[in-house]
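Content type mmCIF, C-alpha atoms and all ligand atoms, from the file target.cif:
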data_start
loop_
_atom_site.label_atom_id
_atom_site.label_comp_id
_atom_site.auth_asym_id
_atom_site.auth_seq_id
_atom_site.Cartn_x
_atom_site.Cartn_y
_atom_site.Cartn_z
CA MET A 181 161.21 -57.77 279.88
CA LEU A 182 162.27 -56.86 276.37
CA VAL A 183 162.11 -59.77 273.92
CA ASN A 184 162.95 -59.07 270.28
CA GLY A 185 162.56 -55.34 270.96
CA ARG A 186 159.07 -55.64 272.47
CA HIS A 187 158.10 -55.36 276.15
CA TYR A 188 156.35 -58.48 277.42
CA ARG A 189 154.76 -59.57 280.62
CA THR A 190 154.53 -63.34 281.02
CA ILE A 191 150.73 -63.34 280.76
CA TRP A 192 148.40 -60.94 278.98
CA ILE A 193 145.12 -60.60 277.09
CA ASP A 194 145.58 -59.76 273.43
CA GLU A 195 143.49 -57.57 271.12
CA ARG A 196 141.24 -60.57 270.33
CA ASN A 197 140.47 -60.91 274.07
CA GLU A 198 142.46 -64.16 274.23
CA LEU A 199 144.65 -65.24 277.14
CA CYS A 200 148.30 -65.43 276.04
CA VAL A 201 151.32 -66.96 277.79
CA ILE A 202 154.91 -67.81 276.85
CA ASP A 203 155.57 -71.56 276.46
CA GLN A 204 158.35 -72.11 279.01
CA THR A 205 158.87 -75.74 277.95
CA VAL A 206 160.56 -74.67 274.70
CA LEU A 207 162.75 -71.83 276.03
CA PRO A 208 165.58 -70.93 275.63
CA HIS A 209 165.69 -72.28 272.09
CA GLU A 210 162.31 -71.00 270.93
CA PHE A 211 160.12 -68.06 271.98
CA ARG A 212 156.60 -69.36 271.43
CA ILE A 213 153.35 -67.72 272.51
CA VAL A 214 150.45 -70.01 273.43
CA ARG A 215 146.76 -69.03 273.68
CA LEU A 216 144.63 -70.63 276.40
CA HIS A 217 140.90 -70.78 275.71
CA THR A 218 139.33 -73.06 278.30
CA PRO A 219 139.79 -73.85 282.00
CA ALA A 220 140.94 -77.34 280.95
CA GLU A 221 143.66 -75.80 278.76
CA VAL A 222 144.72 -73.60 281.68
CA CYS A 223 144.99 -76.69 283.94
CA ARG A 224 147.10 -78.51 281.34
CA ALA A 225 149.38 -75.48 280.87
CA ILE A 226 150.03 -75.33 284.63
CA SER A 227 150.56 -79.06 285.20
CA SER A 228 152.82 -79.50 282.14
CA MET A 229 154.77 -76.37 283.14
CA VAL A 230 154.07 -74.38 279.98
CA VAL A 231 153.60 -71.78 282.71
CA ARG A 232 155.43 -72.26 285.99
CA GLY A 233 156.77 -70.33 288.97
CA ALA A 234 154.68 -69.48 292.00
CA GLY A 235 153.50 -66.01 290.96
CA LEU A 236 152.77 -66.91 287.36
CA ILE A 237 150.74 -70.01 288.14
CA GLY A 238 148.72 -67.90 290.58
CA ALA A 239 148.04 -65.23 287.95
CA THR A 240 147.23 -67.91 285.35
CA ALA A 241 144.77 -69.60 287.70
CA GLY A 242 143.11 -66.21 288.32
CA TYR A 243 142.47 -65.93 284.57
CA GLY A 244 141.46 -69.62 284.54
CA MET A 245 138.53 -68.73 286.82
CA TRP A 246 137.54 -65.96 284.39
CA LEU A 247 137.56 -68.44 281.48
CA ALA A 248 135.58 -70.93 283.57
CA ALA A 249 132.83 -68.36 284.16
CA ALA A 250 132.83 -67.25 280.53
CA GLN A 251 132.36 -70.85 279.37
CA ALA A 252 129.99 -72.12 281.99
CA PRO A 253 127.57 -74.55 280.25
CA GLU A 254 123.88 -73.55 280.25
CA ASP A 255 122.79 -76.99 281.45
CA ARG A 256 124.89 -77.00 284.66
CA PRO A 257 124.31 -74.99 287.85
CA PHE A 258 126.79 -72.09 287.61
CA THR A 259 128.02 -72.29 291.22
CA LEU A 260 128.64 -76.03 291.01
CA TRP A 261 130.55 -75.62 287.73
CA MET A 262 132.74 -72.89 289.24
CA THR A 263 133.44 -75.03 292.32
CA GLU A 264 134.53 -77.93 290.11
CA CYS A 265 136.76 -75.71 287.96
CA ALA A 266 138.33 -74.17 291.07
CA ALA A 267 139.10 -77.65 292.44
CA SER A 268 140.66 -78.76 289.12
CA LEU A 269 142.86 -75.65 289.02
CA ILE A 270 144.03 -76.08 292.62
CA ALA A 271 144.80 -79.77 292.02
CA THR A 272 147.26 -79.03 289.18
CA ARG A 273 150.23 -78.29 291.48
CA PRO A 274 150.08 -78.69 295.26
CA THR A 275 153.13 -76.87 296.67
CA ALA A 276 153.00 -73.20 295.61
CA SER A 277 150.65 -71.12 297.78
CA ASN A 278 149.92 -68.59 295.07
CA LEU A 279 147.79 -71.00 293.04
CA ALA A 280 145.21 -71.79 295.72
CA TRP A 281 145.45 -68.20 296.96
CA ALA A 282 144.45 -66.77 293.57
CA VAL A 283 141.62 -69.28 293.06
CA GLU A 284 140.31 -68.59 296.57
CA ARG A 285 140.43 -64.86 295.88
CA GLN A 286 138.24 -65.40 292.82
CA ARG A 287 135.88 -67.69 294.75
CA ASN A 288 135.53 -65.10 297.53
CA LEU A 289 134.66 -62.52 294.91
CA LEU A 290 131.96 -64.81 293.50
CA ALA A 291 130.60 -65.50 296.98
CA SER A 292 130.39 -61.77 297.70
CA LEU A 293 128.12 -61.32 294.69
CA GLY A 294 125.36 -63.28 296.44
CA PRO A 295 122.62 -65.54 295.09
CA GLU A 296 121.28 -62.96 292.59
CA LEU A 297 124.56 -63.26 290.68
CA ARG A 298 124.22 -62.86 286.89
CA LYS A 299 126.70 -64.81 284.81
CA THR A 300 127.62 -61.81 282.61
CA ASP A 301 128.40 -59.71 285.70
CA ALA A 302 130.50 -62.54 287.16
CA VAL A 303 132.53 -62.85 283.96
CA ALA A 304 133.37 -59.14 283.90
CA LEU A 305 134.19 -58.99 287.60
CA LEU A 306 136.39 -62.13 287.52
CA ARG A 307 138.28 -60.71 284.55
CA ALA A 308 138.88 -57.42 286.40
CA GLU A 309 140.03 -59.29 289.52
CA ALA A 310 142.39 -61.47 287.45
CA ASP A 311 143.89 -58.28 286.00
CA ARG A 312 144.31 -56.93 289.54
CA ILE A 313 146.04 -60.16 290.70
CA ALA A 314 148.46 -59.88 287.77
CA ASP A 315 149.10 -56.15 288.31
CA GLU A 316 149.68 -56.62 292.04
CA ASP A 317 152.09 -59.48 291.36
CA ALA A 318 154.14 -57.24 289.08
CA GLU A 319 154.06 -54.33 291.52
CA PHE A 320 155.01 -56.47 294.54
CA CYS A 321 157.93 -57.97 292.61
CA ARG A 322 159.09 -54.49 291.64
CA SER A 323 159.15 -53.55 295.35
CA ILE A 324 161.04 -56.76 296.22
CA GLY A 325 163.63 -55.56 293.73
CA GLN A 326 163.96 -52.22 295.51
CA HIS A 327 164.44 -53.80 298.96
CA GLY A 328 166.70 -56.63 297.81
CA GLY A 329 168.63 -54.37 295.46
CA GLU A 330 169.80 -52.36 298.48
CA LEU A 331 171.40 -55.51 299.94
CA ILE A 332 173.42 -56.02 296.76
CA THR A 333 174.34 -52.35 296.60
CA ALA A 334 175.54 -52.43 300.23
CA ILE A 335 177.79 -55.43 299.49
CA SER A 336 179.13 -53.65 296.41
CA ARG A 337 180.03 -50.63 298.55
CA ARG A 338 181.74 -52.87 301.11
CA LYS A 339 183.73 -54.42 298.27
CA SER A 340 184.63 -50.95 296.93
CA GLY A 341 182.70 -51.56 293.73
CA GLU A 342 184.16 -54.99 292.98
CA THR A 343 181.81 -57.52 291.39
CA VAL A 344 179.07 -58.86 293.68
CA HIS A 345 178.52 -62.58 293.09
CA VAL A 346 174.96 -63.80 293.70
CA LEU A 347 174.08 -67.49 293.57
CA THR A 348 170.51 -68.48 292.69
CA HIS A 349 168.68 -71.77 292.28
CA CYS A 350 165.94 -72.57 289.78
CA ASN A 351 164.13 -69.65 288.15
CA ALA A 352 162.52 -67.03 290.34
CA GLY A 353 162.85 -64.31 287.74
CA TRP A 354 160.57 -62.48 285.35
CA LEU A 355 159.41 -65.81 283.88
CA ALA A 356 158.23 -67.14 287.26
CA PHE A 357 156.02 -64.11 287.89
CA VAL A 358 154.08 -61.61 285.84
CA ASP A 359 157.08 -59.27 285.66
CA TYR A 360 160.46 -58.58 287.38
CA GLY A 361 160.57 -61.82 289.44
CA SER A 362 161.33 -62.37 293.12
CA ALA A 363 164.94 -63.60 293.54
CA LEU A 364 166.12 -61.94 290.34
CA SER A 365 164.29 -58.64 290.86
CA PRO A 366 166.99 -57.39 293.30
CA VAL A 367 169.64 -58.40 290.75
CA TYR A 368 167.89 -56.41 288.01
CA ALA A 369 167.40 -53.42 290.32
CA ALA A 370 171.09 -53.39 291.33
CA PHE A 371 172.26 -53.94 287.75
CA ASP A 372 170.01 -51.13 286.47
CA ALA A 373 171.45 -48.86 289.19
CA GLY A 374 174.96 -49.51 287.85
CA VAL A 375 176.17 -52.12 290.36
CA ASP A 376 178.65 -54.66 288.98
CA VAL A 377 176.76 -57.90 289.64
CA HIS A 378 177.35 -61.44 288.42
CA VAL A 379 175.08 -64.46 288.97
CA TRP A 380 176.01 -68.11 289.50
CA VAL A 381 173.07 -69.97 287.96
CA ASP A 382 172.43 -73.49 289.32
CA GLU A 383 171.32 -75.62 286.38
CA THR A 384 168.49 -77.02 288.57
CA ARG A 385 167.88 -80.62 287.64
CA PRO A 386 165.63 -82.21 286.62
CA ARG A 387 163.74 -79.54 284.63
CA ASN A 388 166.77 -77.26 284.36
CA GLN A 389 164.92 -74.01 284.99
CA GLY A 390 168.26 -72.38 285.88
CA ALA A 391 170.14 -73.43 282.76
CA SER A 392 167.25 -72.81 280.40
CA LEU A 393 165.20 -69.95 281.91
CA THR A 394 167.30 -67.99 284.43
CA ALA A 395 170.31 -67.92 282.09
CA TRP A 396 168.06 -66.85 279.19
CA GLU A 397 166.42 -63.95 281.00
CA LEU A 398 169.63 -62.72 282.68
CA GLY A 399 171.33 -62.75 279.29
CA ARG A 400 168.49 -60.79 277.67
CA HIS A 401 168.81 -58.18 280.41
CA GLY A 402 172.60 -58.00 279.95
CA VAL A 403 173.48 -59.42 283.38
CA ARG A 404 176.74 -61.40 283.50
CA HIS A 405 176.21 -64.97 284.62
CA ASP A 406 177.61 -68.50 284.50
CA VAL A 407 175.57 -71.68 284.56
CA ILE A 408 177.04 -74.11 287.09
CA ALA A 409 176.35 -77.77 287.85
CA ASP A 410 173.86 -78.14 290.67
CA ASN A 411 176.47 -79.43 293.09
CA ALA A 412 179.08 -76.70 292.47
CA GLY A 413 177.64 -74.10 294.88
CA GLY A 414 179.21 -75.50 298.07
CA HIS A 415 182.66 -75.50 296.48
CA LEU A 416 182.26 -71.88 295.32
CA MET A 417 181.15 -70.81 298.80
CA GLN A 418 184.16 -72.51 300.43
CA HIS A 419 186.42 -70.47 298.15
CA GLY A 420 184.81 -67.06 298.81
CA MET A 421 183.25 -66.90 295.35
CA VAL A 422 179.65 -66.24 296.51
CA ASP A 423 178.70 -63.00 298.29
CA LEU A 424 175.09 -63.92 298.86
CA VAL A 425 172.48 -66.46 297.84
CA ILE A 426 168.99 -65.34 296.82
CA THR A 427 166.32 -67.88 295.96
CA GLY A 428 162.60 -67.62 295.45
CA ALA A 429 159.97 -69.66 297.26
CA ASP A 430 156.80 -71.56 296.48
CA ARG A 431 155.36 -71.49 299.99
CA VAL A 432 156.67 -69.88 303.18
CA THR A 433 155.13 -70.54 306.59
CA ARG A 434 154.46 -67.84 309.16
CA CYS A 435 157.51 -69.20 311.08
CA GLY A 436 159.77 -68.60 308.06
CA ASP A 437 160.24 -72.14 306.68
CA ALA A 438 160.50 -71.92 302.89
CA ALA A 439 159.58 -74.52 300.27
CA ASN A 440 161.47 -73.99 297.05
CA LYS A 441 162.86 -76.03 294.15
CA ILE A 442 164.50 -79.30 295.17
CA GLY A 443 168.12 -78.67 296.15
CA THR A 444 167.55 -75.30 297.79
CA TYR A 445 167.96 -76.80 301.28
CA LEU A 446 171.44 -78.12 300.40
CA LYS A 447 172.47 -74.64 299.25
CA ALA A 448 171.23 -73.18 302.54
CA LEU A 449 173.27 -75.74 304.51
CA ALA A 450 176.39 -74.90 302.52
CA ALA A 451 175.73 -71.18 302.98
CA ALA A 452 175.37 -71.60 306.76
CA ASP A 453 178.63 -73.58 306.93
CA ASN A 454 180.46 -70.81 305.06
CA ASN A 455 178.82 -67.71 306.60
CA VAL A 456 177.32 -66.72 303.26
CA PRO A 457 174.05 -64.75 303.68
CA PHE A 458 171.08 -66.77 302.37
CA TYR A 459 167.97 -64.76 301.45
CA VAL A 460 164.57 -65.91 300.21
CA ALA A 461 162.52 -63.44 298.15
CA LEU A 462 158.74 -63.67 297.94
CA PRO A 463 155.58 -61.62 297.56
CA SER A 464 152.93 -61.93 300.30
CA SER A 465 150.83 -64.25 298.12
CA THR A 466 153.48 -66.95 298.72
CA PHE A 467 153.02 -66.95 302.50
CA ASP A 468 150.90 -69.66 304.07
CA PHE A 469 150.10 -68.00 307.38
CA SER A 470 148.14 -71.06 308.53
CA LEU A 471 151.31 -73.20 308.81
CA CYS A 472 154.38 -73.00 311.08
CA ASP A 473 156.41 -76.22 310.61
CA GLY A 474 157.13 -76.31 306.89
CA VAL A 475 159.13 -79.57 306.88
CA ARG A 476 156.19 -81.37 308.47
CA ASP A 477 153.26 -79.63 306.82
CA ILE A 478 154.05 -78.20 303.37
CA PRO A 479 152.84 -80.66 300.71
CA ILE A 480 155.68 -81.57 298.37
CA GLU A 481 154.75 -82.31 294.77
CA GLU A 482 156.17 -85.53 293.35
CA ARG A 483 156.30 -85.42 289.55
CA ASP A 484 156.78 -88.06 286.87
CA GLY A 485 160.15 -89.85 287.14
CA GLU A 486 160.53 -89.50 283.37
CA GLU A 487 161.59 -85.88 284.05
CA VAL A 488 164.66 -87.29 285.85
CA ARG A 489 165.35 -90.12 283.39
CA ARG A 490 165.29 -87.95 280.29
CA ILE A 491 166.62 -84.51 279.39
CA ARG A 492 165.41 -82.10 276.74
CA GLY A 493 167.63 -79.95 274.55
CA VAL A 494 168.43 -79.21 270.93
CA ASN A 495 170.88 -81.21 268.84
CA ARG A 496 173.60 -79.70 266.64
CA ALA A 497 171.09 -79.21 263.88
CA GLY A 498 168.92 -77.16 266.25
CA ALA A 499 166.13 -79.76 266.46
CA ALA A 500 164.53 -80.44 269.86
CA GLU A 501 165.24 -83.87 271.33
CA HIS A 502 164.56 -85.75 274.54
CA VAL A 503 167.36 -88.16 275.38
CA LEU A 504 167.48 -90.94 277.97
CA LEU A 505 170.16 -90.48 280.69
CA CYS A 506 169.96 -93.70 282.69
CA PRO A 507 169.52 -97.40 281.94
CA GLU A 508 166.16 -98.05 280.31
CA PHE A 509 165.31 -100.37 283.23
CA SER A 510 166.10 -97.87 286.07
CA PRO A 511 163.12 -96.23 287.69
CA ALA A 512 163.43 -92.67 289.06
CA ARG A 513 161.75 -90.60 291.77
CA ASN A 514 161.15 -86.91 291.33
CA TRP A 515 160.36 -84.68 294.32
CA ALA A 516 159.96 -81.17 292.94
CA PHE A 517 160.59 -79.13 296.11
CA ASP A 518 162.27 -79.21 299.49
CA VAL A 519 161.89 -77.10 302.61
CA THR A 520 164.59 -74.89 304.09
CA PRO A 521 163.98 -74.24 307.79
CA GLY A 522 163.82 -70.57 308.79
CA ARG A 523 166.90 -71.00 311.03
CA LEU A 524 169.04 -71.34 307.88
CA ILE A 525 167.59 -68.22 306.22
CA THR A 526 169.24 -64.85 306.82
CA GLY A 527 166.14 -62.89 305.83
CA LEU A 528 162.95 -62.84 303.77
CA ILE A 529 162.78 -60.13 301.11
CA THR A 530 159.14 -59.13 300.64
CA GLU A 531 157.25 -56.26 299.04
CA ARG A 532 157.00 -54.68 302.51
CA GLY A 533 160.70 -54.93 303.32
CA ILE A 534 163.11 -57.50 304.72
CA CYS A 535 162.31 -59.50 307.84
CA ALA A 536 163.76 -62.35 309.89
CA ALA A 537 162.60 -65.82 308.83
CA SER A 538 160.79 -66.35 312.11
CA GLU A 539 157.22 -66.00 313.39
CA GLU A 540 158.15 -62.71 315.04
CA GLY A 541 159.75 -61.39 311.87
CA VAL A 542 156.96 -62.47 309.51
CA LEU A 543 154.06 -61.34 311.69
CA GLY A 544 155.93 -58.12 312.45
CA LEU A 545 155.67 -57.28 308.73
CA TYR A 546 152.19 -58.79 308.30
CA PRO A 547 150.45 -58.12 311.65
CA GLU A 548 147.00 -58.48 310.05
CA HIS A 549 147.62 -62.26 309.85
CA ALA A 550 148.55 -62.68 313.51
CA GLY A 551 145.12 -64.02 314.44
CA ARG A 552 144.86 -66.65 311.69
CA CYS A 553 147.44 -69.17 312.86
CA SER A 554 146.45 -72.81 313.32
CA ALA A 555 149.35 -75.31 313.23
O1 LIG B 1 158.49 -76.13 289.44
P1 LIG B 1 158.57 -74.65 289.21
O2 LIG B 1 159.51 -74.28 288.11
O3 LIG B 1 157.22 -74.01 289.09
O4 LIG B 1 159.19 -74.16 290.59
C1 LIG B 1 159.58 -72.85 290.77
C2 LIG B 1 160.54 -72.77 291.87
O5 LIG B 1 160.60 -73.61 292.75
C3 LIG B 1 161.47 -71.67 291.86
O6 LIG B 1 162.60 -72.09 292.56
C4 LIG B 1 161.02 -70.41 292.45
O7 LIG B 1 161.92 -69.96 293.36
C5 LIG B 1 159.71 -70.38 293.12
S1 LIG B 1 158.65 -69.68 292.01
C6 LIG B 1 158.99 -68.04 292.23
#
Could you show the structure in this file as structure tokens?
Amino acid sequence: MLVNGRHYRTIWIDERNELCVIDQTVLPHEFRIVRLHTPAEVCRAISSMVVRGAGLIGATAGYGMWLAAAQAPEDRPFTLWMTECAASLIATRPTASNLAWAVERQRNLLASLGPELRKTDAVALLRAEADRIADEDAEFCRSIGQHGGELITAISRRKSGETVHVLTHCNAGWLAFVDYGSALSPVYAAFDAGVDVHVWVDETRPRNQGASLTAWELGRHGVRHDVIADNAGGHLMQHGMVDLVITGADRVTRCGDAANKIGTYLKALAAADNNVPFYVALPSSTFDFSLCDGVRDIPIEERDGEEVRRIRGVNRAGAAEHVLLCPEFSPARNWAFDVTPGRLITGLITERGICAASEEGVLGLYPEHAGRCSA
């Protein structure tokens, strides 16, 4: 993504060998780069949502394991230290698969090095693996864009080139991954190919990732969009104003149930009632092949109710402010995700192509996981 004339990924190592990320808590009003030096700083950045989005927290955790090895204290057994750091990273956010997946990938690498493991070798190898996780994430998202972009192009043809209206929830764009995004990658691919595409952007309470992040990155790319109140989508669908819905996902079971930002399920219900195609875009690192029933088994993060009670923005003078929305005495509950059953999903857009949101569809695309099913 171009920002101020320079191409950025969302995570990179700079010339001083420092881990850099974009602070997503201050967008869209400020573009601030943050450097993360320790595994504890990486954990804080993930839990406070300085970095967020399934793919990006996975990539960040991969680099977190590199920093953990680089800073392992001399007076602690290395393997024990790495196990503790891995557990702290995984505990930061429970719903997205990519986080535990990336940490496990780093732990498997360490385990493969055997008992003769030298710390300096481990540091170099973990760094190279973290780079590979990040590169793969970007490449998979690029492919998702190719497959999903064809869906948008086909609708455009059917409409004789009239505007295609896509509705999306939360932010599953460039900012949620290392590059391109999942749900927005098809939009960028179609737009870059000359398709007339417009996006309805759900504001996405309580953290407003749609209003603050999706709108910002679509605007930077030149894609026409309108931010809408979270509850507007059903009305737009009833009036033929949405051609398709594409959302991202934080965890998808092998049977096609998809956990995504709270409110996604309601959009899927409205889409089903109005015959609007509802797609979920994800790279393979977001699948949890061990689960089938997502409503029953995907852990749903519950965050601080203060995120519901207060809202952040800038005042007329441009200064950042948090303001209270409800009575001081009213408590709030804050579930961060919900699960959309596969039966409400038209298809899953992956780096390998598009499949049905069913066990047959998912394992048809990923047959190597057919033997690893438990629940
Ligand atoms: O809480 P977040 O902002 O990390 O959650 C991200 C989402 O739920 C997005 O909706 C997205 O689709 C999944 S991340 C690609």
Shell of 7 Å around segment 385-402 of chain A, only C-alpha atoms, local chain residues under 4 positions omitted, as an NGL selection string: :A and (207-208 or 349-351 or 353 or 381 or 407 or 487-488)
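Rounded to one decimal, atom CA of Phe469 of chain A and atom CA of Asp359 of chain A lie 24.4 Å from each other.
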Measuring atom to atom with only C-alpha atoms, identify which of A:Leu347, A:Leu355, A:Val494, A:Cys321 is nearest to Val456 of chain A.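 Of the candidates, the smallest distance to Val456 of chain A is held by A:Leu347.
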Considering all atoms listed in the file, state which residue in the set A:His187, A:Arg483, A:His549, A:Arg490 is at the smallest distance from ligand LIG 1 (chain B).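 Checking each of A:His187, A:Arg483, A:His549, A:Arg490 against ligand LIG 1 (chain B), counting all atoms listed in the file, the winner is A:Arg483.
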Excluding segment 274-281 of chain A and any residue of its chain fewer than 6 positions from it, enumerate the residues within 7 Å of it, using only C-alpha atoms, and give them as a PyMOL selection string. chain A and resi 234-235+237-238+241+430-431+465-468+478-481
So which one's closest to Trp515 of chain A, A:His209, A:Lys447, A:Arg337, A:Lys441? Using all atoms listed in the file, please.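 Among the listed residues, A:Lys441 lies closest to Trp515 of chain A.
Comparing A:Glu264, A:Glu319, A:Glu296, A:Asp194 by their smallest distance to Arg532 of chain A, the closest is A:Glu319 (using all atoms listed in the file).
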Within-6 Å shell of (159.7, -68.3, 292.0) in input frame, only C-alpha atoms, as a ChimeraX atom specification: /A:233-234,352,356,428-429
What is the distance between atom CA of Gly493 of chain A and atom CA of Gly413 of chain A, in Å to one decimal?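 According to the coordinates, atom CA of Gly493 of chain A and atom CA of Gly413 of chain A are separated by 23.4 Å.
Atom CA of Arg312 of chain A sits 20.8 Å away from atom CA of Leu297 of chain A.
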Since the input is missing atoms for segment 199-221 of chain A, could you rebuild it with N, CA and C atoms and give the result as a CSV table (one decimal), in the frame of the given file?
chain,number,residue,atom,x,y,z
A,199,LEU,N,143.6,-65.2,276.1
A,199,LEU,CA,144.6,-65.2,277.1
A,199,LEU,C,145.9,-65.8,276.5
A,200,CYS,N,147.0,-65.0,276.6
A,200,CYS,CA,148.3,-65.4,276.0
A,200,CYS,C,149.4,-65.7,277.1
A,201,VAL,N,150.2,-66.7,276.9
A,201,VAL,CA,151.3,-67.0,277.8
A,201,VAL,C,152.5,-67.4,276.9
A,202,ILE,N,153.7,-67.4,277.6
A,202,ILE,CA,154.9,-67.8,276.8
A,202,ILE,C,155.1,-69.3,277.2
A,203,ASP,N,155.4,-70.1,276.2
A,203,ASP,CA,155.6,-71.6,276.5
A,203,ASP,C,157.0,-71.8,277.0
A,204,GLN,N,157.0,-72.0,278.3
A,204,GLN,CA,158.4,-72.1,279.0
A,204,GLN,C,159.0,-73.5,278.8
A,205,THR,N,158.3,-74.4,278.2
A,205,THR,CA,158.9,-75.7,278.0
A,205,THR,C,159.8,-75.7,276.7
A,206,VAL,N,159.7,-74.7,275.9
A,206,VAL,CA,160.6,-74.7,274.7
A,206,VAL,C,161.7,-73.6,274.8
A,207,LEU,N,161.6,-72.8,275.8
A,207,LEU,CA,162.8,-71.8,276.0
A,207,LEU,C,164.0,-72.6,276.5
A,208,PRO,N,165.2,-72.2,276.2
A,208,PRO,CA,165.6,-70.9,275.6
A,208,PRO,C,165.7,-71.0,274.1
A,209,HIS,N,165.4,-72.1,273.5
A,209,HIS,CA,165.7,-72.3,272.1
A,209,HIS,C,164.6,-71.7,271.2
A,210,GLU,N,163.4,-71.5,271.7
A,210,GLU,CA,162.3,-71.0,270.9
A,210,GLU,C,161.4,-70.1,271.8
A,211,PHE,N,161.0,-68.9,271.3
A,211,PHE,CA,160.1,-68.1,272.0
A,211,PHE,C,158.7,-68.2,271.3
A,212,ARG,N,157.9,-69.0,272.0
A,212,ARG,CA,156.6,-69.4,271.4
A,212,ARG,C,155.5,-68.9,272.3
A,213,ILE,N,154.5,-68.2,271.7
A,213,ILE,CA,153.4,-67.7,272.5
A,213,ILE,C,152.2,-68.7,272.3
A,214,VAL,N,151.5,-69.0,273.4
A,214,VAL,CA,150.4,-70.0,273.4
A,214,VAL,C,149.2,-69.3,273.9
A,215,ARG,N,148.0,-69.6,273.2
A,215,ARG,CA,146.8,-69.0,273.7
A,215,ARG,C,146.0,-70.1,274.4
A,216,LEU,N,145.4,-69.7,275.6
A,216,LEU,CA,144.6,-70.6,276.4
A,216,LEU,C,143.2,-70.2,276.3
A,217,HIS,N,142.3,-71.2,275.9
A,217,HIS,CA,140.9,-70.8,275.7
A,217,HIS,C,139.9,-71.3,276.7
A,218,THR,N,140.3,-72.4,277.4
A,218,THR,CA,139.3,-73.1,278.3
A,218,THR,C,140.0,-73.3,279.6
A,219,PRO,N,139.2,-73.5,280.7
A,219,PRO,CA,139.8,-73.8,282.0
A,219,PRO,C,140.6,-75.1,281.9
A,220,ALA,N,140.2,-76.1,281.1
A,220,ALA,CA,140.9,-77.3,281.0
A,220,ALA,C,142.3,-77.1,280.3
A,221,GLU,N,142.4,-76.2,279.4
A,221,GLU,CA,143.7,-75.8,278.8
A,221,GLU,C,144.6,-75.1,279.8
